[in-house]
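Note: the block below is structure_15.txt and it holds compact mmCIF, N, CA and C atoms and all ligand atoms.
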# COMPACT_ATOMS: atom_id res chain seq x y z
N MET X 7 -12.15 2.77 -37.45
CA MET X 7 -11.21 1.67 -37.21
C MET X 7 -10.22 1.53 -38.36
N VAL X 8 -10.78 1.55 -39.57
CA VAL X 8 -9.92 1.40 -40.75
C VAL X 8 -8.97 2.59 -40.85
N ALA X 9 -9.52 3.79 -40.61
CA ALA X 9 -8.69 4.99 -40.72
C ALA X 9 -7.59 4.97 -39.67
N ARG X 10 -7.91 4.48 -38.47
CA ARG X 10 -6.93 4.52 -37.39
C ARG X 10 -5.83 3.48 -37.55
N SER X 11 -6.22 2.27 -37.89
CA SER X 11 -5.24 1.18 -37.86
C SER X 11 -4.85 0.64 -39.22
N PHE X 12 -5.64 0.91 -40.23
CA PHE X 12 -5.35 0.33 -41.54
C PHE X 12 -5.40 1.42 -42.61
N PRO X 13 -4.59 2.48 -42.44
CA PRO X 13 -4.71 3.62 -43.37
C PRO X 13 -4.54 3.22 -44.83
N ARG X 14 -3.73 2.17 -45.07
CA ARG X 14 -3.52 1.77 -46.46
C ARG X 14 -4.77 1.13 -47.07
N MET X 15 -5.71 0.78 -46.21
CA MET X 15 -6.91 0.11 -46.70
C MET X 15 -8.07 1.08 -46.89
N ARG X 16 -7.80 2.36 -46.62
CA ARG X 16 -8.90 3.32 -46.65
C ARG X 16 -9.64 3.37 -47.98
N ARG X 17 -8.87 3.14 -49.04
CA ARG X 17 -9.52 3.23 -50.35
C ARG X 17 -10.10 1.90 -50.83
N LEU X 18 -9.93 0.86 -50.02
CA LEU X 18 -10.49 -0.43 -50.42
C LEU X 18 -12.00 -0.41 -50.26
N ASP X 19 -12.65 -1.18 -51.10
CA ASP X 19 -14.10 -1.29 -51.01
C ASP X 19 -14.43 -2.49 -50.13
N ILE X 20 -14.70 -2.22 -48.85
CA ILE X 20 -15.00 -3.30 -47.91
C ILE X 20 -16.43 -3.13 -47.42
N GLU X 21 -17.24 -4.12 -47.66
CA GLU X 21 -18.63 -4.03 -47.21
C GLU X 21 -18.80 -4.90 -45.96
N ILE X 22 -19.31 -4.29 -44.90
CA ILE X 22 -19.52 -5.04 -43.66
C ILE X 22 -21.02 -5.15 -43.43
N ALA X 23 -21.52 -6.37 -43.27
CA ALA X 23 -22.97 -6.54 -43.08
C ALA X 23 -23.24 -7.76 -42.21
N TRP X 24 -24.46 -7.83 -41.68
CA TRP X 24 -24.87 -9.03 -40.95
C TRP X 24 -25.03 -10.17 -41.95
N GLY X 25 -24.89 -11.42 -41.46
CA GLY X 25 -25.20 -12.50 -42.39
C GLY X 25 -24.33 -13.74 -42.37
N ALA X 26 -23.26 -13.80 -41.56
CA ALA X 26 -22.49 -15.05 -41.50
C ALA X 26 -23.36 -16.14 -40.88
N GLU X 27 -23.26 -17.35 -41.38
CA GLU X 27 -24.10 -18.40 -40.79
C GLU X 27 -23.33 -19.38 -39.92
N GLU X 28 -22.25 -19.96 -40.47
CA GLU X 28 -21.51 -20.93 -39.65
C GLU X 28 -20.57 -20.24 -38.69
N ASP X 29 -19.76 -19.33 -39.22
CA ASP X 29 -18.77 -18.65 -38.39
C ASP X 29 -19.40 -17.41 -37.76
N LEU X 30 -18.75 -16.91 -36.71
CA LEU X 30 -19.23 -15.66 -36.11
C LEU X 30 -18.93 -14.49 -37.03
N LEU X 31 -17.78 -14.57 -37.70
CA LEU X 31 -17.46 -13.58 -38.73
C LEU X 31 -16.67 -14.28 -39.82
N TYR X 32 -16.72 -13.76 -41.00
CA TYR X 32 -15.79 -14.21 -42.04
C TYR X 32 -15.60 -13.08 -43.02
N TYR X 33 -14.54 -13.21 -43.81
CA TYR X 33 -14.38 -12.24 -44.89
C TYR X 33 -14.16 -13.02 -46.16
N ALA X 34 -14.49 -12.41 -47.27
CA ALA X 34 -14.24 -13.04 -48.56
C ALA X 34 -13.91 -11.97 -49.58
N PRO X 35 -12.91 -12.25 -50.44
CA PRO X 35 -12.62 -11.30 -51.51
C PRO X 35 -13.63 -11.53 -52.64
N LEU X 36 -14.14 -10.45 -53.19
CA LEU X 36 -15.07 -10.54 -54.32
C LEU X 36 -14.50 -9.68 -55.43
N GLY X 37 -13.66 -10.28 -56.26
CA GLY X 37 -12.97 -9.47 -57.27
C GLY X 37 -12.11 -8.45 -56.56
N ALA X 38 -12.30 -7.18 -56.85
CA ALA X 38 -11.50 -6.14 -56.20
C ALA X 38 -12.09 -5.74 -54.85
N ARG X 39 -13.27 -6.23 -54.53
CA ARG X 39 -13.94 -5.85 -53.28
C ARG X 39 -13.72 -6.90 -52.21
N TYR X 40 -14.09 -6.54 -51.00
CA TYR X 40 -14.09 -7.51 -49.90
C TYR X 40 -15.41 -7.42 -49.19
N GLU X 41 -15.87 -8.55 -48.70
CA GLU X 41 -17.02 -8.46 -47.82
C GLU X 41 -16.67 -9.11 -46.50
N ILE X 42 -17.18 -8.48 -45.43
CA ILE X 42 -17.07 -9.07 -44.09
C ILE X 42 -18.49 -9.31 -43.64
N ARG X 43 -18.76 -10.52 -43.21
CA ARG X 43 -20.10 -10.82 -42.72
C ARG X 43 -20.04 -11.15 -41.23
N VAL X 44 -21.03 -10.66 -40.52
CA VAL X 44 -21.08 -10.82 -39.07
C VAL X 44 -22.33 -11.61 -38.71
N ASN X 45 -22.16 -12.63 -37.91
CA ASN X 45 -23.29 -13.48 -37.52
C ASN X 45 -24.29 -12.72 -36.65
N GLU X 46 -25.56 -12.94 -36.91
CA GLU X 46 -26.65 -12.31 -36.13
C GLU X 46 -26.52 -12.59 -34.63
N ARG X 47 -25.83 -13.69 -34.32
CA ARG X 47 -25.68 -14.04 -32.90
C ARG X 47 -24.86 -12.99 -32.16
N LEU X 48 -24.15 -12.14 -32.89
CA LEU X 48 -23.36 -11.11 -32.24
C LEU X 48 -24.14 -9.81 -32.04
N ARG X 49 -25.42 -9.82 -32.39
CA ARG X 49 -26.22 -8.58 -32.28
C ARG X 49 -26.22 -8.02 -30.88
N GLY X 50 -26.24 -8.90 -29.88
CA GLY X 50 -26.28 -8.40 -28.50
C GLY X 50 -24.90 -8.18 -27.91
N ALA X 51 -23.87 -8.37 -28.70
CA ALA X 51 -22.50 -8.29 -28.17
C ALA X 51 -22.10 -6.85 -27.90
N PRO X 52 -21.26 -6.65 -26.88
CA PRO X 52 -20.74 -5.29 -26.66
C PRO X 52 -19.94 -4.83 -27.87
N ARG X 53 -19.94 -3.52 -28.08
CA ARG X 53 -19.22 -2.94 -29.21
C ARG X 53 -17.76 -3.41 -29.28
N ARG X 54 -17.11 -3.44 -28.10
CA ARG X 54 -15.71 -3.86 -28.07
C ARG X 54 -15.51 -5.24 -28.66
N ALA X 55 -16.43 -6.15 -28.32
CA ALA X 55 -16.29 -7.53 -28.80
C ALA X 55 -16.41 -7.57 -30.33
N ILE X 56 -17.35 -6.82 -30.86
CA ILE X 56 -17.52 -6.80 -32.31
C ILE X 56 -16.28 -6.17 -32.97
N GLU X 57 -15.76 -5.12 -32.34
CA GLU X 57 -14.54 -4.51 -32.88
C GLU X 57 -13.38 -5.50 -32.90
N GLY X 58 -13.30 -6.32 -31.85
CA GLY X 58 -12.24 -7.33 -31.80
C GLY X 58 -12.36 -8.31 -32.96
N GLY X 59 -13.59 -8.75 -33.24
CA GLY X 59 -13.82 -9.67 -34.35
C GLY X 59 -13.52 -9.01 -35.69
N LEU X 60 -13.93 -7.75 -35.82
CA LEU X 60 -13.68 -7.03 -37.08
C LEU X 60 -12.18 -6.80 -37.28
N ALA X 61 -11.48 -6.49 -36.19
CA ALA X 61 -10.03 -6.26 -36.30
C ALA X 61 -9.36 -7.52 -36.85
N HIS X 62 -9.81 -8.67 -36.39
CA HIS X 62 -9.26 -9.94 -36.88
C HIS X 62 -9.48 -10.08 -38.40
N GLU X 63 -10.69 -9.83 -38.84
CA GLU X 63 -10.97 -9.97 -40.28
C GLU X 63 -10.21 -8.93 -41.09
N LEU X 64 -10.13 -7.70 -40.57
CA LEU X 64 -9.40 -6.65 -41.30
C LEU X 64 -7.92 -6.99 -41.42
N CYS X 65 -7.36 -7.68 -40.41
CA CYS X 65 -5.96 -8.09 -40.50
C CYS X 65 -5.77 -9.17 -41.56
N HIS X 66 -6.78 -10.02 -41.74
CA HIS X 66 -6.71 -10.99 -42.85
C HIS X 66 -6.66 -10.24 -44.19
N ILE X 67 -7.51 -9.23 -44.32
CA ILE X 67 -7.57 -8.49 -45.58
C ILE X 67 -6.25 -7.76 -45.80
N GLU X 68 -5.70 -7.20 -44.73
CA GLU X 68 -4.42 -6.51 -44.83
C GLU X 68 -3.33 -7.47 -45.34
N ALA X 69 -3.33 -8.69 -44.80
CA ALA X 69 -2.34 -9.68 -45.23
C ALA X 69 -2.56 -10.05 -46.70
N ASP X 70 -3.80 -10.17 -47.09
CA ASP X 70 -4.15 -10.50 -48.48
C ASP X 70 -3.69 -9.44 -49.47
N MET X 71 -3.77 -8.19 -49.01
CA MET X 71 -3.44 -7.07 -49.90
C MET X 71 -2.02 -7.13 -50.41
N ARG X 72 -1.15 -7.79 -49.61
CA ARG X 72 0.26 -7.85 -50.01
C ARG X 72 0.47 -8.86 -51.12
N LEU X 73 -0.55 -9.67 -51.40
CA LEU X 73 -0.41 -10.72 -52.41
C LEU X 73 -0.99 -10.26 -53.74
N GLY X 74 -0.38 -10.76 -54.81
CA GLY X 74 -0.95 -10.52 -56.13
C GLY X 74 -2.15 -11.44 -56.33
N ARG X 75 -2.81 -11.30 -57.46
CA ARG X 75 -4.04 -12.05 -57.71
C ARG X 75 -3.82 -13.57 -57.67
N VAL X 76 -2.75 -14.01 -58.34
CA VAL X 76 -2.49 -15.46 -58.39
C VAL X 76 -2.04 -15.97 -57.02
N GLN X 77 -1.14 -15.21 -56.39
CA GLN X 77 -0.69 -15.59 -55.05
C GLN X 77 -1.85 -15.70 -54.08
N LYS X 78 -2.80 -14.77 -54.25
CA LYS X 78 -3.94 -14.74 -53.35
C LYS X 78 -4.77 -16.01 -53.52
N ARG X 79 -4.95 -16.41 -54.78
CA ARG X 79 -5.74 -17.62 -55.01
C ARG X 79 -5.03 -18.85 -54.45
N LEU X 80 -3.71 -18.90 -54.65
CA LEU X 80 -2.95 -20.03 -54.12
C LEU X 80 -3.03 -20.08 -52.60
N ALA X 81 -2.93 -18.89 -51.99
CA ALA X 81 -2.98 -18.84 -50.53
C ALA X 81 -4.33 -19.34 -50.04
N TRP X 82 -5.41 -19.00 -50.74
CA TRP X 82 -6.74 -19.46 -50.35
C TRP X 82 -6.85 -20.97 -50.45
N GLU X 83 -6.29 -21.50 -51.56
CA GLU X 83 -6.37 -22.95 -51.72
C GLU X 83 -5.60 -23.66 -50.62
N ARG X 84 -4.41 -23.11 -50.31
CA ARG X 84 -3.60 -23.73 -49.26
C ARG X 84 -4.33 -23.64 -47.91
N TYR X 85 -4.93 -22.50 -47.71
CA TYR X 85 -5.64 -22.27 -46.44
C TYR X 85 -6.73 -23.32 -46.27
N LEU X 86 -7.46 -23.60 -47.35
CA LEU X 86 -8.57 -24.54 -47.25
C LEU X 86 -8.07 -25.98 -47.14
N ARG X 87 -6.89 -26.25 -47.73
CA ARG X 87 -6.39 -27.63 -47.75
C ARG X 87 -5.57 -27.98 -46.52
N SER X 88 -4.81 -27.02 -46.01
CA SER X 88 -3.82 -27.35 -45.00
C SER X 88 -4.17 -26.74 -43.64
N GLU X 89 -4.36 -27.60 -42.66
CA GLU X 89 -4.68 -27.10 -41.31
C GLU X 89 -3.49 -26.36 -40.70
N ARG X 90 -2.29 -26.86 -41.04
CA ARG X 90 -1.10 -26.19 -40.52
C ARG X 90 -1.01 -24.76 -41.03
N PHE X 91 -1.28 -24.63 -42.32
CA PHE X 91 -1.21 -23.31 -42.93
C PHE X 91 -2.29 -22.40 -42.33
N GLU X 92 -3.46 -22.95 -42.16
CA GLU X 92 -4.57 -22.19 -41.57
C GLU X 92 -4.19 -21.71 -40.17
N MET X 93 -3.63 -22.62 -39.38
CA MET X 93 -3.29 -22.28 -38.01
C MET X 93 -2.23 -21.17 -37.99
N ARG X 94 -1.21 -21.31 -38.86
CA ARG X 94 -0.16 -20.30 -38.89
C ARG X 94 -0.74 -18.94 -39.26
N GLU X 95 -1.60 -18.96 -40.24
CA GLU X 95 -2.24 -17.75 -40.73
C GLU X 95 -3.08 -17.09 -39.62
N GLU X 96 -3.91 -17.89 -38.96
CA GLU X 96 -4.79 -17.35 -37.91
C GLU X 96 -4.00 -16.76 -36.76
N ARG X 97 -2.93 -17.46 -36.38
CA ARG X 97 -2.14 -16.97 -35.25
C ARG X 97 -1.37 -15.69 -35.61
N ALA X 98 -0.88 -15.63 -36.85
CA ALA X 98 -0.18 -14.42 -37.30
C ALA X 98 -1.14 -13.24 -37.32
N VAL X 99 -2.37 -13.50 -37.77
CA VAL X 99 -3.39 -12.45 -37.84
C VAL X 99 -3.66 -11.89 -36.44
N GLU X 100 -3.75 -12.77 -35.45
CA GLU X 100 -4.07 -12.28 -34.10
C GLU X 100 -2.90 -11.53 -33.48
N ARG X 101 -1.66 -11.93 -33.83
CA ARG X 101 -0.51 -11.17 -33.34
C ARG X 101 -0.56 -9.75 -33.92
N ARG X 102 -0.98 -9.66 -35.17
CA ARG X 102 -1.09 -8.35 -35.82
C ARG X 102 -2.20 -7.50 -35.16
N VAL X 103 -3.32 -8.14 -34.82
CA VAL X 103 -4.40 -7.44 -34.12
C VAL X 103 -3.85 -6.80 -32.85
N ILE X 104 -3.06 -7.57 -32.10
CA ILE X 104 -2.50 -7.08 -30.84
C ILE X 104 -1.50 -5.95 -31.11
N GLU X 105 -0.65 -6.17 -32.11
CA GLU X 105 0.35 -5.16 -32.47
C GLU X 105 -0.30 -3.82 -32.81
N LEU X 106 -1.47 -3.90 -33.45
CA LEU X 106 -2.16 -2.67 -33.84
C LEU X 106 -2.95 -2.04 -32.68
N GLY X 107 -2.95 -2.71 -31.54
CA GLY X 107 -3.59 -2.11 -30.37
C GLY X 107 -5.04 -2.53 -30.13
N TRP X 108 -5.48 -3.63 -30.76
CA TRP X 108 -6.85 -4.08 -30.57
C TRP X 108 -6.93 -5.35 -29.71
N GLY X 109 -5.91 -5.56 -28.88
CA GLY X 109 -5.86 -6.78 -28.06
C GLY X 109 -7.01 -6.87 -27.05
N ALA X 110 -7.34 -5.74 -26.41
CA ALA X 110 -8.41 -5.77 -25.41
C ALA X 110 -9.74 -6.10 -26.08
N GLU X 111 -9.93 -5.58 -27.29
CA GLU X 111 -11.16 -5.86 -28.03
C GLU X 111 -11.19 -7.33 -28.45
N LEU X 112 -10.03 -7.86 -28.84
CA LEU X 112 -9.97 -9.27 -29.23
C LEU X 112 -10.32 -10.16 -28.04
N LEU X 113 -9.82 -9.79 -26.86
CA LEU X 113 -10.15 -10.56 -25.66
C LEU X 113 -11.65 -10.49 -25.39
N ALA X 114 -12.25 -9.32 -25.56
CA ALA X 114 -13.69 -9.16 -25.35
C ALA X 114 -14.47 -10.04 -26.34
N PHE X 115 -13.95 -10.12 -27.56
CA PHE X 115 -14.61 -10.96 -28.58
C PHE X 115 -14.56 -12.43 -28.18
N VAL X 116 -13.38 -12.89 -27.76
CA VAL X 116 -13.25 -14.31 -27.39
C VAL X 116 -14.15 -14.62 -26.19
N ARG X 117 -14.19 -13.71 -25.23
CA ARG X 117 -15.06 -13.94 -24.06
C ARG X 117 -16.52 -14.04 -24.48
N TYR X 118 -16.95 -13.15 -25.36
CA TYR X 118 -18.34 -13.18 -25.78
C TYR X 118 -18.64 -14.44 -26.59
N ALA X 119 -17.70 -14.82 -27.44
CA ALA X 119 -17.88 -16.02 -28.26
C ALA X 119 -18.01 -17.25 -27.36
N ARG X 120 -17.24 -17.27 -26.30
CA ARG X 120 -17.34 -18.40 -25.36
C ARG X 120 -18.72 -18.45 -24.72
N ARG X 121 -19.23 -17.26 -24.39
CA ARG X 121 -20.58 -17.21 -23.80
C ARG X 121 -21.61 -17.77 -24.76
N LEU X 122 -21.34 -17.61 -26.07
CA LEU X 122 -22.27 -18.16 -27.07
C LEU X 122 -22.04 -19.65 -27.27
N GLY X 123 -21.03 -20.18 -26.59
CA GLY X 123 -20.77 -21.62 -26.70
C GLY X 123 -19.74 -21.98 -27.75
N CYS X 124 -19.03 -20.98 -28.29
CA CYS X 124 -18.01 -21.29 -29.30
C CYS X 124 -16.72 -21.69 -28.61
N GLN X 125 -16.09 -22.69 -29.17
CA GLN X 125 -14.81 -23.15 -28.64
C GLN X 125 -13.73 -22.74 -29.64
N PHE X 126 -12.67 -22.15 -29.14
CA PHE X 126 -11.57 -21.79 -30.02
C PHE X 126 -10.34 -22.62 -29.69
N GLY X 127 -9.70 -23.14 -30.71
CA GLY X 127 -8.44 -23.85 -30.52
C GLY X 127 -7.34 -23.12 -31.25
N ARG X 128 -6.16 -23.73 -31.28
CA ARG X 128 -5.03 -23.09 -31.94
C ARG X 128 -5.27 -22.85 -33.42
N GLU X 129 -6.14 -23.67 -34.03
CA GLU X 129 -6.39 -23.49 -35.47
C GLU X 129 -7.16 -22.19 -35.72
N ASN X 130 -7.78 -21.62 -34.67
CA ASN X 130 -8.55 -20.39 -34.84
C ASN X 130 -7.71 -19.15 -34.53
N GLY X 131 -6.52 -19.36 -33.99
CA GLY X 131 -5.70 -18.21 -33.64
C GLY X 131 -5.02 -18.46 -32.31
N LEU X 132 -4.72 -17.37 -31.60
CA LEU X 132 -4.07 -17.52 -30.30
C LEU X 132 -5.10 -17.97 -29.27
N LEU X 133 -4.63 -18.68 -28.27
CA LEU X 133 -5.51 -19.05 -27.17
C LEU X 133 -5.70 -17.83 -26.27
N TYR X 134 -6.78 -17.86 -25.47
CA TYR X 134 -7.12 -16.70 -24.65
C TYR X 134 -5.92 -16.21 -23.82
N GLY X 135 -5.27 -17.16 -23.13
CA GLY X 135 -4.12 -16.81 -22.28
C GLY X 135 -2.98 -16.20 -23.08
N GLU X 136 -2.80 -16.70 -24.30
CA GLU X 136 -1.74 -16.16 -25.16
C GLU X 136 -2.06 -14.73 -25.59
N ILE X 137 -3.32 -14.50 -25.92
CA ILE X 137 -3.72 -13.14 -26.31
C ILE X 137 -3.48 -12.22 -25.13
N TRP X 138 -3.90 -12.68 -23.97
CA TRP X 138 -3.78 -11.86 -22.76
C TRP X 138 -2.33 -11.50 -22.51
N ARG X 139 -1.45 -12.51 -22.54
CA ARG X 139 -0.03 -12.26 -22.27
C ARG X 139 0.60 -11.36 -23.32
N GLU X 140 0.32 -11.66 -24.59
CA GLU X 140 0.96 -10.86 -25.65
C GLU X 140 0.43 -9.43 -25.62
N ASN X 141 -0.84 -9.30 -25.24
CA ASN X 141 -1.42 -7.96 -25.19
C ASN X 141 -0.79 -7.16 -24.02
N ALA X 142 -0.57 -7.85 -22.89
CA ALA X 142 0.03 -7.17 -21.76
C ALA X 142 1.44 -6.71 -22.13
N ARG X 143 2.18 -7.58 -22.82
CA ARG X 143 3.53 -7.25 -23.22
C ARG X 143 3.52 -6.06 -24.19
N ALA X 144 2.60 -6.10 -25.15
CA ALA X 144 2.53 -5.02 -26.15
C ALA X 144 2.13 -3.70 -25.48
N SER X 145 1.24 -3.78 -24.48
CA SER X 145 0.81 -2.54 -23.81
C SER X 145 1.95 -1.92 -23.04
N PHE X 146 2.76 -2.77 -22.41
CA PHE X 146 3.94 -2.25 -21.69
C PHE X 146 4.89 -1.58 -22.66
N ALA X 147 5.09 -2.23 -23.79
CA ALA X 147 6.04 -1.70 -24.77
C ALA X 147 5.59 -0.34 -25.28
N ARG X 148 4.25 -0.11 -25.26
CA ARG X 148 3.74 1.17 -25.77
C ARG X 148 3.84 2.29 -24.76
N LEU X 149 4.05 1.93 -23.46
CA LEU X 149 4.06 2.97 -22.41
C LEU X 149 5.24 3.94 -22.59
ZN ZN X 201 -9.34 -15.74 -39.12
Show this structure as structure tokens.
Amino acid sequence: MVARSFPRMRRLDIEIAWGAEEDLLYYAPLGARYEIRVNERLRGAPRRAIEGGLAHELCHIEADMRLGRVQKRLAWERYLRSERFEMREERAVERRVIELGWGAELLAFVRYARRLGCQFGRENGLLYGEIWRENARASFARL
């Protein structure tokens, strides 16, 4: 996945493991490294759904990479403080997921998350219908 869609991240040290508790997935920068944690509740999820969730987190890391150390810290503080900023960030990340060609996987992830009882609003990213429409548009553009 990283090699296909995030070639610039190939040399990054990203550790992916089970272990998120509140969220289904999250990522965190640890010095020069990154960790992505995946909730055990996704163990039974289809591969596509997990890929959709991972694509979302990898797009966050990709966006982070463009920031310097201080900028990155400021962005994190803003993200935690401002819901508007969080929403803008999440929605931009999902547009990038679609642009990179992982829209179908993202849809599979949202469907599976719903089955687990998770509710997603605009603060979490695009709504299901928006992902669907933008993905259809992007797929046409690629034909
Ligand atoms: Zn996110």
Can you tell me how far CA of Ala98 in chain X sits from CA of Pro35 in chain X, in Å to one decimal?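 Calculated distance between CA of Ala98 in chain X and CA of Pro35 in chain X is 19.1 Å.
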Give the alpha helix (DSSP H) residues of range 12-70 of chain X, as assigned by DSSP on the backbone, as a PyMOL selection string. chain X and resi 53-70
So that I can check the secondary structure, give me every residue of chain X assigned strand (DSSP E) by backbone DSSP, as a PyMOL selection string. chain X and resi 20-24+31-36+39-44
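Contacts with ligand ZN 201 (chain X) are defined as any residue atom within 8 Å of a ligand atom, using all atoms listed in the file; the residues meeting this criterion are X:Leu31, X:Tyr32, X:Tyr33, X:His62, X:Glu63, X:Cys65, X:His66, X:Glu92, X:Glu95, X:Glu96, X:Arg97, X:Val99, X:Glu100, X:Glu129, X:Asn130, X:Gly131.
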Nearest to Ala26 in chain X: which of X:Met71, X:Leu112, X:Leu48, X:Ala81 is it, counting only C-alpha atoms?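 Closest to Ala26 in chain X, using only C-alpha atoms: X:Leu48.
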Check the smallest atom-to-atom distance from each of X:Gly107, X:Asn141, X:Ala147, X:Tyr118 to Ser11 in chain X using all atoms listed in the file, then report the winner.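 Distance minimum relative to Ser11 in chain X lands on X:Gly107.
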